[in-house]
Amino acid sequence: MPTASFGNWVREARTALDLTQEALAERTGCAVQTIRKIEAGERRPSRQMAQRLAYALALPDGEHAWFLKAARADANQPAGAPAATAPARPPRLSPALPAMHTVFIGRQAELAEVRRLLADPERRLVTLAGPGGIGKTRLALEAVTAGRPFADGVIFVPLAPISTAALLVPTIAHAIGFTFSGPLPPADQILQHLATRDMLLILDNLEHLLDETPGEVPTDPGIFPGSAADLLARIVAEAPGVKLLVTSRERVSLRGEWAVQLAGLPVGQADAPDDTRDADAVVLFAERARQVQHDFQLNAANREVVARICRLLEGVPLGIELAATWTRVLSPMGIVAELERGLDFLQTTTRDLPERHRSMRAVFEHSWRLLEAEEKQVLRRLAVFRGGFTRVAAAQVAGATLAVLAALVDKSLMRRAGAERYDLHEVVRQYAAGHLELDVHEHAAARDSHCTYFVAWLADRDRLLKSTCQRETVAEIATEIDNLRAAWDWAAREKRPADLRRAIPTLFYFYEIRSAYQEGAALFEHAADALDRALPGLAVADDVSGADERLLVGELLAMQAWFLFRYGQYGPAQALLERSFALLEARHSTGSLSEALPYPPWLLRYRLGDYSRGVQLLRERVQVQRERGDTWGV
């Protein structure tokens with residue numbers, strides 16, 4: 001198992017609590033320089049200092065003894081000797097994995113094979129490959145319920161909500177509780193962190209990121225320029241204690257990859273009744289049917305009909321589960337008739353669709369026809385959410401009542417994802433999104449509603465980020481980050497300056513508090529570029545057309561400049577700041593410029609070497625904040 005220095009452990013614990021070095025120094029009553037030296041491995045704390053650090057970092061009581069031993073591990077080393085590595089940390093419990101509310105059925109051979117591969121230290125990259133709905137995620141989660149422990153946990157990283165490989169690094173960082181800091185590119189930072197970890201990463205739904213190839217070199221040097229496969233190759237090469245368990249519709253195609261290809265569940269032979277009785281697909285259908293029709297039983301009269309259903313669906317678990325919910329209104333023979341009719345229709349209308357996709361499409365089409373009009377409308381609109389949603393959000397964005405949500409859960413088209421939270425299987429979401437996009441006006445209205453809701457939701461948390469509830473609020477925002485990215489993207493694409501401006505302060509503080517400087521820079525760059533392209537003649541300061549948009553571009557550029565500065569890109573930050581101030585100063589009075597930005601512009605000017613302008617802006621800022629009674633800002 002890789003070992004790590006005591007300084008690395010301190011840094012990891014501090015960043016997990018979203019503490020800056022300054023905040024930790026204040027908690028422990030020491031100088032900031034002392035914390036910096038401890039984390040850099042240049043200094044070991046005294047026993048008393050180590051005790052204060054343990055309490056300040058909220059270590060569990062069971063880890064205090066380890067922490068004190070690690071703190072003093074090389075205290076008596078001769079000067080100039082290499083620092084000793086910290087003693088092995090006690091294994092930590094993994095963060096909560098997605099809850100599985102149903103019994104795992106079948107796939108015993110595949111389950112044993114995956115567990116064997118995960119137990120083998122030489123098998124570093126394991127891919128569960130197969131079409132959508134085949135049960136890849138369910139198998140991955142079942143596989144990690146037993147097997148060798150990982151000292152730094154089993155981490156589930158859902159990737160379906162993200163749209164670009166550029167977000168893969170920050171998504172992994174968020175999942176493992178890592179906070180970026182310093183000028184190194186984020187990929188290098190997270191690889192350095194993973195290099196000393198003993199961890200299993202489950203990267204779920206990777207396929208849509210594999211096809212993305214690097215285009216032009218990003219203007220933001222903090223964005224990882226490679227593909228998802230490139231990043232995985234680096235993790236395998238540079239983090240020897242990290243295993244990767246990937247679920248994907250296709251292989252990653254890297255050397256050293258071990259792929260487990262999943263097909264449908266066994267359905268039994270049509271001419272072998274005994275074989276059919278115990279077939280995994282038939283058992284799955286019966287189990288799910290009993291969940292919606294408690295007196296459903298397999299018997300001699302219906303067993304072969306159920307097997308016929310499973311054969312039509314080629315043993316695909318998602319299709320079987322959806323078809324099983326129809327037993328509330330149809331007999332097994334009626335289900336067969338509906339499936340065969342749907343397949344005949346698809347055979348004549350979608351000849352280029354693969355056979356397995358035809359069978360799944362037939363299931364979705366019939367499940368769709370069974371929905372009430374209100375349920376169809378809600379399911380279509382729920383497709384705009386990414387990363388799940390709350391009941392309140394579903395009501396506001398999709399008009400979902402509790403009765404409709406319960407009906408969709410009962411029909412296996414939606415699932416619970418924790419207390420007061422729901423989500424859609426990605427295959428179901430894509431199908432519903434296809435129906436939504438057939439109506440251009442409804443699609444735009446749903447995205448508008450989603451954007452409006454989350455912008456307002458975000459603005460409501462601005463004050464909380466500056467209160468004693470900051471930590472809880474940061475966690476709450478992080479839970480909705482996929483929805484917030486989608487709302488921001490829509491606001492930028494559709495040129496909604498009011499929504500963008502309203503979201504800026506809270507997003508700025510969120511990324512600042514989490515030290516997510518690279519992602520923050522990329523987010524504001526994306527919106528600034530979208531507006532910039534829509535405003536010809538942007539540099540003409542006295543052009544009154546698009547004045548509000550020009551101001552907004554100035555604000556967005558200033559946000560990007562701040563985050564570039566925060567991770568050491570001083571040259572690009574200076575250039576962006578000049579562009580930003582040219583736009584802002586053309587529209588603002590001297591005193592009101594300080595009100596246009598959520599961060600103190602004097603500080604960036606001062607730190608970039610423009611001392612006289614920095615001091616002038618500082619005085620203006622203090623005056624404005626005092627006039628507004630903003631003691632927090634002062």
# chains A, B, ... in the order shown; residues from 1 in each chain; ligands from 1
>>> select_by_dssp(residues="region 410-445 of chain A", states="strand (DSSP E or B)", output="PyMOL selection string")
chain A and resi 415-416+421-423
>>> residues_around(residues="Ala175 (chain A)", least_positions_apart="2", cutoff="12 Å", atoms="only C-alpha atoms", output="PyMOL selection string")
chain A and resi 16+94-97+153-159+168-173+177-179+190+200-203+475+478-479+481
>>> write_last_selection(atoms="N, CA and C atoms", output="PDB file, in the first residue's frame")
ATOM      1  N   ALA A  16     -10.541  18.626   3.192  1.00  0.00           N
ATOM      2  CA  ALA A  16     -11.833  17.941   3.329  1.00  0.00           C
ATOM      3  C   ALA A  16     -12.822  18.759   4.144  1.00  0.00           C
ATOM      4  N   SER A  94     -16.067   4.142   3.655  1.00  0.00           N
ATOM      5  CA  SER A  94     -16.307   4.859   2.406  1.00  0.00           C
ATOM      6  C   SER A  94     -17.484   5.800   2.555  1.00  0.00           C
ATOM      7  N   PRO A  95     -17.495   6.894   1.781  1.00  0.00           N
ATOM      8  CA  PRO A  95     -18.710   7.703   1.718  1.00  0.00           C
ATOM      9  C   PRO A  95     -19.859   6.827   1.249  1.00  0.00           C
ATOM     10  N   ALA A  96     -21.063   7.234   1.544  1.00  0.00           N
ATOM     11  CA  ALA A  96     -22.230   6.419   1.213  1.00  0.00           C
ATOM     12  C   ALA A  96     -22.290   6.164  -0.283  1.00  0.00           C
ATOM     13  N   LEU A  97     -22.393   4.889  -0.649  1.00  0.00           N
ATOM     14  CA  LEU A  97     -22.601   4.527  -2.043  1.00  0.00           C
ATOM     15  C   LEU A  97     -24.091   4.633  -2.348  1.00  0.00           C
ATOM     16  N   GLY A 153     -11.056   4.119   1.002  1.00  0.00           N
ATOM     17  CA  GLY A 153     -12.462   3.996   0.665  1.00  0.00           C
ATOM     18  C   GLY A 153     -12.761   3.608  -0.765  1.00  0.00           C
ATOM     19  N   VAL A 154     -14.035   3.307  -0.984  1.00  0.00           N
ATOM     20  CA  VAL A 154     -14.599   3.055  -2.312  1.00  0.00           C
ATOM     21  C   VAL A 154     -15.439   4.276  -2.662  1.00  0.00           C
ATOM     22  N   ILE A 155     -15.101   4.939  -3.739  1.00  0.00           N
ATOM     23  CA  ILE A 155     -15.724   6.212  -4.099  1.00  0.00           C
ATOM     24  C   ILE A 155     -16.507   6.050  -5.391  1.00  0.00           C
ATOM     25  N   PHE A 156     -17.781   6.414  -5.348  1.00  0.00           N
ATOM     26  CA  PHE A 156     -18.641   6.342  -6.522  1.00  0.00           C
ATOM     27  C   PHE A 156     -18.671   7.706  -7.201  1.00  0.00           C
ATOM     28  N   VAL A 157     -18.343   7.733  -8.497  1.00  0.00           N
ATOM     29  CA  VAL A 157     -18.277   8.985  -9.256  1.00  0.00           C
ATOM     30  C   VAL A 157     -19.272   8.913 -10.414  1.00  0.00           C
ATOM     31  N   PRO A 158     -20.467   9.498 -10.275  1.00  0.00           N
ATOM     32  CA  PRO A 158     -21.449   9.470 -11.369  1.00  0.00           C
ATOM     33  C   PRO A 158     -21.070  10.449 -12.468  1.00  0.00           C
ATOM     34  N   LEU A 159     -20.959   9.960 -13.695  1.00  0.00           N
ATOM     35  CA  LEU A 159     -20.487  10.798 -14.798  1.00  0.00           C
ATOM     36  C   LEU A 159     -21.565  11.131 -15.819  1.00  0.00           C
ATOM     37  N   LEU A 168     -14.228  16.141 -15.989  1.00  0.00           N
ATOM     38  CA  LEU A 168     -13.948  14.872 -15.328  1.00  0.00           C
ATOM     39  C   LEU A 168     -13.056  15.060 -14.108  1.00  0.00           C
ATOM     40  N   VAL A 169     -12.030  15.880 -14.229  1.00  0.00           N
ATOM     41  CA  VAL A 169     -11.116  16.095 -13.097  1.00  0.00           C
ATOM     42  C   VAL A 169     -11.836  16.736 -11.907  1.00  0.00           C
ATOM     43  N   PRO A 170     -12.550  17.870 -12.082  1.00  0.00           N
ATOM     44  CA  PRO A 170     -13.251  18.432 -10.915  1.00  0.00           C
ATOM     45  C   PRO A 170     -14.338  17.516 -10.366  1.00  0.00           C
ATOM     46  N   THR A 171     -14.955  16.690 -11.211  1.00  0.00           N
ATOM     47  CA  THR A 171     -15.983  15.771 -10.716  1.00  0.00           C
ATOM     48  C   THR A 171     -15.371  14.700  -9.820  1.00  0.00           C
ATOM     49  N   ILE A 172     -14.234  14.161 -10.218  1.00  0.00           N
ATOM     50  CA  ILE A 172     -13.532  13.190  -9.366  1.00  0.00           C
ATOM     51  C   ILE A 172     -13.069  13.861  -8.081  1.00  0.00           C
ATOM     52  N   ALA A 173     -12.546  15.083  -8.202  1.00  0.00           N
ATOM     53  CA  ALA A 173     -12.073  15.800  -7.019  1.00  0.00           C
ATOM     54  C   ALA A 173     -13.196  15.997  -6.011  1.00  0.00           C
ATOM     55  N   GLY A 177     -13.463  14.424  -2.176  1.00  0.00           N
ATOM     56  CA  GLY A 177     -13.272  15.460  -1.162  1.00  0.00           C
ATOM     57  C   GLY A 177     -11.958  16.200  -1.281  1.00  0.00           C
ATOM     58  N   PHE A 178     -11.427  16.317  -2.507  1.00  0.00           N
ATOM     59  CA  PHE A 178     -10.146  16.993  -2.717  1.00  0.00           C
ATOM     60  C   PHE A 178     -10.380  18.432  -3.152  1.00  0.00           C
ATOM     61  N   THR A 179      -9.612  19.352  -2.589  1.00  0.00           N
ATOM     62  CA  THR A 179      -9.700  20.770  -2.930  1.00  0.00           C
ATOM     63  C   THR A 179      -8.428  21.211  -3.628  1.00  0.00           C
ATOM     64  N   ILE A 190      -4.516  16.500  -8.670  1.00  0.00           N
ATOM     65  CA  ILE A 190      -5.284  15.341  -8.218  1.00  0.00           C
ATOM     66  C   ILE A 190      -4.476  14.057  -8.373  1.00  0.00           C
ATOM     67  N   LEU A 200     -10.528   2.692  -4.295  1.00  0.00           N
ATOM     68  CA  LEU A 200     -11.220   2.190  -5.476  1.00  0.00           C
ATOM     69  C   LEU A 200     -12.163   3.278  -5.978  1.00  0.00           C
ATOM     70  N   LEU A 201     -11.988   3.692  -7.225  1.00  0.00           N
ATOM     71  CA  LEU A 201     -12.862   4.675  -7.853  1.00  0.00           C
ATOM     72  C   LEU A 201     -13.804   3.954  -8.815  1.00  0.00           C
ATOM     73  N   ILE A 202     -15.118   4.115  -8.590  1.00  0.00           N
ATOM     74  CA  ILE A 202     -16.107   3.603  -9.535  1.00  0.00           C
ATOM     75  C   ILE A 202     -16.513   4.759 -10.444  1.00  0.00           C
ATOM     76  N   LEU A 203     -16.102   4.695 -11.697  1.00  0.00           N
ATOM     77  CA  LEU A 203     -16.431   5.743 -12.669  1.00  0.00           C
ATOM     78  C   LEU A 203     -17.627   5.253 -13.480  1.00  0.00           C
ATOM     79  N   ALA A 475     -22.021  22.402   0.937  1.00  0.00           N
ATOM     80  CA  ALA A 475     -22.374  21.006   0.651  1.00  0.00           C
ATOM     81  C   ALA A 475     -23.684  20.923  -0.123  1.00  0.00           C
ATOM     82  N   ALA A 478     -23.014  21.922  -3.680  1.00  0.00           N
ATOM     83  CA  ALA A 478     -22.259  20.865  -4.358  1.00  0.00           C
ATOM     84  C   ALA A 478     -23.181  19.727  -4.809  1.00  0.00           C
ATOM     85  N   THR A 479     -24.207  19.429  -4.017  1.00  0.00           N
ATOM     86  CA  THR A 479     -25.154  18.372  -4.387  1.00  0.00           C
ATOM     87  C   THR A 479     -25.883  18.713  -5.683  1.00  0.00           C
ATOM     88  N   ILE A 481     -24.680  20.691  -8.130  1.00  0.00           N
ATOM     89  CA  ILE A 481     -23.766  21.344  -9.063  1.00  0.00           C
ATOM     90  C   ILE A 481     -24.054  20.966 -10.511  1.00  0.00           C
TER      91      ILE A 481
END
>>> atom_distance(atom1="CA of Phe104 (chain A)", atom2="CA of Val363 (chain A)")
21.7 Å
>>> residues_around(residues="Ala56 (chain A)", least_positions_apart="4", cutoff="8 Å", atoms="only C-alpha atoms", output="mmCIF file with N, CA and C atoms, in the first residue's frame")
data_model
loop_
_atom_site.group_PDB
_atom_site.id
_atom_site.type_symbol
_atom_site.label_atom_id
_atom_site.label_comp_id
_atom_site.auth_asym_id
_atom_site.auth_seq_id
_atom_site.Cartn_x
_atom_site.Cartn_y
_atom_site.Cartn_z
ATOM 1 N N LEU A 24 -7.002 27.176 9.494
ATOM 2 C CA LEU A 24 -6.460 26.124 10.363
ATOM 3 C C LEU A 24 -5.476 26.708 11.377
ATOM 4 N N ARG A 27 -7.464 28.212 14.126
ATOM 5 C CA ARG A 27 -8.064 27.202 14.998
ATOM 6 C C ARG A 27 -7.053 26.623 15.985
ATOM 7 N N THR A 28 -5.820 26.492 15.528
ATOM 8 C CA THR A 28 -4.806 25.853 16.369
ATOM 9 C C THR A 28 -3.939 26.844 17.124
ATOM 10 N N ARG A 52 -3.630 19.695 19.270
ATOM 11 C CA ARG A 52 -4.507 20.789 18.838
ATOM 12 C C ARG A 52 -4.933 20.602 17.378
#
>>> residues_around(residues="Trp488 (chain A)", least_positions_apart="5", cutoff="8 Å", atoms="only C-alpha atoms", output="short mmCIF file (atom, residue, chain, number, x, y, z; two decimals) with C-alpha atoms, in the first residue's frame")
data_model
loop_
_atom_site.label_atom_id
_atom_site.label_comp_id
_atom_site.auth_asym_id
_atom_site.auth_seq_id
_atom_site.Cartn_x
_atom_site.Cartn_y
_atom_site.Cartn_z
CA CYS A 451 -32.84 27.76 -15.34
CA LEU A 500 -26.30 35.12 -15.30
CA ALA A 527 -20.44 32.50 -20.46
#
>>> residues_around(residues="Leu139 (chain A)", least_positions_apart="4", cutoff="12 Å", atoms="only C-alpha atoms", output="number ranges by chain")
A: 100, 103-115, 127-130, 133-135, 143-145, 202, 204, 245-247, 260-262, 317
>>> atom_distance(atom1="CA of Ile162 (chain A)", atom2="CA of Thr102 (chain A)")
26.7 Å
>>> residues_around(residues="Val553 (chain A)", least_positions_apart="2", cutoff="9 Å", atoms="only C-alpha atoms", output="PyMOL selection string")
chain A and resi 527-529+531-532+548-551+555-558+580+583-584
>>> write_last_selection(atoms="C-alpha atoms", output="mmCIF file, in the first residue's frame")
data_model
loop_
_atom_site.group_PDB
_atom_site.id
_atom_site.type_symbol
_atom_site.label_atom_id
_atom_site.label_comp_id
_atom_site.auth_asym_id
_atom_site.auth_seq_id
_atom_site.Cartn_x
_atom_site.Cartn_y
_atom_site.Cartn_z
ATOM 1 C CA ALA A 527 -20.439 32.504 -20.459
ATOM 2 C CA ALA A 528 -18.236 35.460 -21.448
ATOM 3 C CA ASP A 529 -17.399 33.806 -24.778
ATOM 4 C CA LEU A 531 -22.075 36.700 -24.918
ATOM 5 C CA ASP A 532 -18.983 38.052 -26.647
ATOM 6 C CA ASP A 548 -26.124 45.731 -20.335
ATOM 7 C CA GLU A 549 -24.563 42.732 -22.070
ATOM 8 C CA ARG A 550 -21.252 44.577 -22.356
ATOM 9 C CA LEU A 551 -21.294 45.286 -18.642
ATOM 10 C CA GLU A 555 -18.059 41.265 -14.947
ATOM 11 C CA LEU A 556 -17.589 37.735 -16.294
ATOM 12 C CA LEU A 557 -14.079 38.543 -17.523
ATOM 13 C CA ALA A 558 -13.265 39.968 -14.095
ATOM 14 C CA SER A 580 -12.743 43.804 -18.007
ATOM 15 C CA LEU A 583 -15.758 47.615 -20.283
ATOM 16 C CA LEU A 584 -16.765 48.275 -16.689
#
>>> closest_residue(among="A:Ala407, A:Val397, A:Val474, A:Ile38", to="Asp462 (chain A)", atoms="only C-alpha atoms")
A:Val474
>>> atom_distance(atom1="CA of Arg44 (chain A)", atom2="CA of Tyr567 (chain A)")
27.0 Å
>>> residues_around(residues="region 228-240 of chain A", least_positions_apart="5", cutoff="7 Å", atoms="only C-alpha atoms", output="PyMOL selection string")
chain A and resi 124+165+191+194-196+209-210+252
>>> closest_residue(among="A:Leu322, A:Leu507, A:Ala446, A:Leu576", to="Gln560 (chain A)", atoms="only C-alpha atoms")
A:Leu576
>>> select_by_dssp(residues="region 475-553 of chain A", states="helix (DSSP H, G or I)", output="MDAnalysis selection string")
chainID A and resid 475:479 481:493 497:513 517:533 547:553
>>> closest_residue(among="A:Gln396, A:Arg415, A:Leu464, A:Leu117", to="Glu257 (chain A)", atoms="only C-alpha atoms")
A:Leu117
